[in-house]
Amino acid sequence: MRAETLKGHLDGMLLAVLEAEPRHGYAIMEALRAGSGGQFDLPTGTVYPALHRLERAGLVQATWSVHGGRRRRLYQLTPDGRRALDSERRTWRDFSSAVTALLRPPSPAASQP
Amino acid sequence: MTRPGPVQPGGGPTVESYLAAITARLPGPARSRAGIVDELRSGLLDAADAHRSAGLPPAEAARAATREFGDPRQVADGFRAEIAARQARRTSISLMAGGPLVGALWVVAALTSHLGMHLGSPWHWPELSPVLTAGIHVVAVVIVAAAWAALAGFAVTGRLTRWLPARPGRGPTVAGIAGFGAAGADLVMLSLLAGQLAIAPGKLSPLPIALAAAASLARLTLATRAAHQCLAIRSALAVA
């Protein structure tokens, strides 16, 4: 999938990936890839500025910690981040069900005279 | 097979030269870049580990990791906007925190000086020269404008980021205006003080005046530097 198509939804997906547990940058990227069945394959480097922006917006909180002998910046959702994720989910559900309804091919029964 | 490169701290030659390409495009003080580079390095090493586990030799795994991270220019551009916002936010917060203190010191200095012994607003004090009155008016207007600019700089670089359309130049612009505004107010106050000292030094109480002047001088220096940094980062964004 093209990076531009993804961009508008990146924030919501990053929040979703962090919902279950705190993760560091590379693990977030791997979770995005795995969770989308390999569809979302952004340049990994572009995920980091997005995470910093979410941190500045108060949606995630980052802390440095040492895992496996490597210093990593661990991101976790804040209460505001959870709320933002809920609202992102609602918006997406409404949007996608509307688009699905509109794009559905006409059923054979309805198209018969 | 590739020749073994020189041993480098951290990520090895491929990763380190990739990081150097990003660092070269990041504006601002080295301190703010160091955290970003550390975080990217640990991510690149994670990626290289993953490629090594998939069977690539170390040097090839490092190259695959940098390819996976993408064009260093694109990564740096993403961070430039972040660095700009952080600089703007830091400047706005410092100005909002320091402003009331500097203001309070000048009010105390005025009230304890002979001029201020009468109650009422400073600009209504009868002994004030027209120049002093006009100067104080100018300072009041500039300070109010700078305070609003600092507030805007704080607001647009924080939680509002979620709802505002992405315009990375906005934060540094208003923070720069706030910084130059505060510095301008300090310059006027210090000039008025110098004038007053030349005309009627006996009317001023030395210690509070010295404190207020020192505070204004310190803020003049710091605010000018911060405002310059904000505008420099803003023009770096425009070039990107």
# chains A, B, ... in the order shown; residues from 1 in each chain; ligands from 1

$ interface_residues --of "chain B" --to "chain A" --cutoff "7 Å" --atoms "only C-alpha atoms" --output "ChimeraX atom specification"
/B:39,42-43,46-47,68-70,75,78-79,82,158-159,161-162

$ select_by_dssp --residues "chain B" --states "helix (DSSP H, G or I)" --output "number ranges by chain"
B: 12-23, 30-53, 58-69, 72-112, 114-117, 122-124, 130-156, 159-162, 170-199, 201-203, 206-239

$ atom_distance --atom1 "atom CA of A:Val66" --atom2 "atom CA of B:Pro72"
25.6 Å

$ atom_distance --atom1 "atom CA of B:Leu26" --atom2 "atom CA of B:Cys230"
13.6 Å

$ residues_around --residues "B:Ala227" --least-positions-apart "2" --cutoff "8 Å" --atoms "only C-alpha atoms" --output "MDAnalysis selection string"
chainID B and resid 91 175:180 223:225 229:231

$ write_last_selection --atoms "N, CA and C atoms" --output "short mmCIF file (atom, residue, chain, number, x, y, z; two decimals), in the first residue's frame"
data_model
loop_
_atom_site.label_atom_id
_atom_site.label_comp_id
_atom_site.auth_asym_id
_atom_site.auth_seq_id
_atom_site.Cartn_x
_atom_site.Cartn_y
_atom_site.Cartn_z
N THR B 91 10.76 27.67 24.02
CA THR B 91 10.86 29.13 24.06
C THR B 91 9.60 29.73 24.67
N ALA B 175 6.55 31.76 18.40
CA ALA B 175 7.51 31.78 19.52
C ALA B 175 8.61 32.80 19.25
N GLY B 176 9.04 32.91 18.01
CA GLY B 176 10.05 33.91 17.64
C GLY B 176 9.53 35.33 17.87
N ILE B 177 8.27 35.56 17.48
CA ILE B 177 7.65 36.88 17.70
C ILE B 177 7.61 37.18 19.20
N ALA B 178 7.20 36.17 19.98
CA ALA B 178 7.12 36.35 21.44
C ALA B 178 8.49 36.70 22.01
N GLY B 179 9.51 35.98 21.54
CA GLY B 179 10.87 36.22 22.05
C GLY B 179 11.35 37.62 21.73
N PHE B 180 11.18 38.02 20.47
CA PHE B 180 11.63 39.36 20.08
C PHE B 180 10.79 40.43 20.79
N ALA B 223 16.11 35.71 25.52
CA ALA B 223 14.96 35.75 24.60
C ALA B 223 15.42 36.02 23.17
N THR B 224 16.42 36.90 23.01
CA THR B 224 16.91 37.18 21.67
C THR B 224 17.52 35.92 21.06
N ARG B 225 18.31 35.19 21.88
CA ARG B 225 18.95 33.99 21.35
C ARG B 225 17.90 32.94 20.97
N GLN B 229 17.00 31.37 17.29
CA GLN B 229 17.01 29.92 17.02
C GLN B 229 15.70 29.49 16.38
N CYS B 230 14.58 30.02 16.92
CA CYS B 230 13.26 29.67 16.37
C CYS B 230 13.19 30.05 14.89
N LEU B 231 13.63 31.26 14.57
CA LEU B 231 13.52 31.72 13.19
C LEU B 231 14.49 30.97 12.28
#

$ residues_around --residues "A:Ala31" --least-positions-apart "4" --cutoff "12 Å" --atoms "only C-alpha atoms" --output "list in words"
Met13, Leu14, Leu15, Ala16, Val17, Leu18, Glu19, Ala20, Glu21, Pro22, Arg23, His24, Gly25, Tyr26, Ala27, Gly35, Ser36, Gly37, Gly38, Gln39, Phe40, Asp41 and Thr44 of chain A

$ residues_around --residues "B:Ser94" --least-positions-apart "4" --cutoff "12 Å" --atoms "only C-alpha atoms" --output "list in words"
Gln87, Ala88, Arg89, Arg90, Gly98, Gly99, Pro100, Leu101, Val102, Ala147, Ala150, Leu151, Gly153, Phe154, Ala175, Ala178, Gly179, Ala182, Arg219, Leu222, Ala223, Ala226 and Ala227 of chain B

$ closest_residue --among "B:Ile22, B:Arg33, B:Ser216, B:Ile199" --to "B:Ala84" --atoms "only C-alpha atoms"
B:Arg33

$ atom_distance --atom1 "atom CA of A:Arg82" --atom2 "atom CA of B:Val156"
21.3 Å
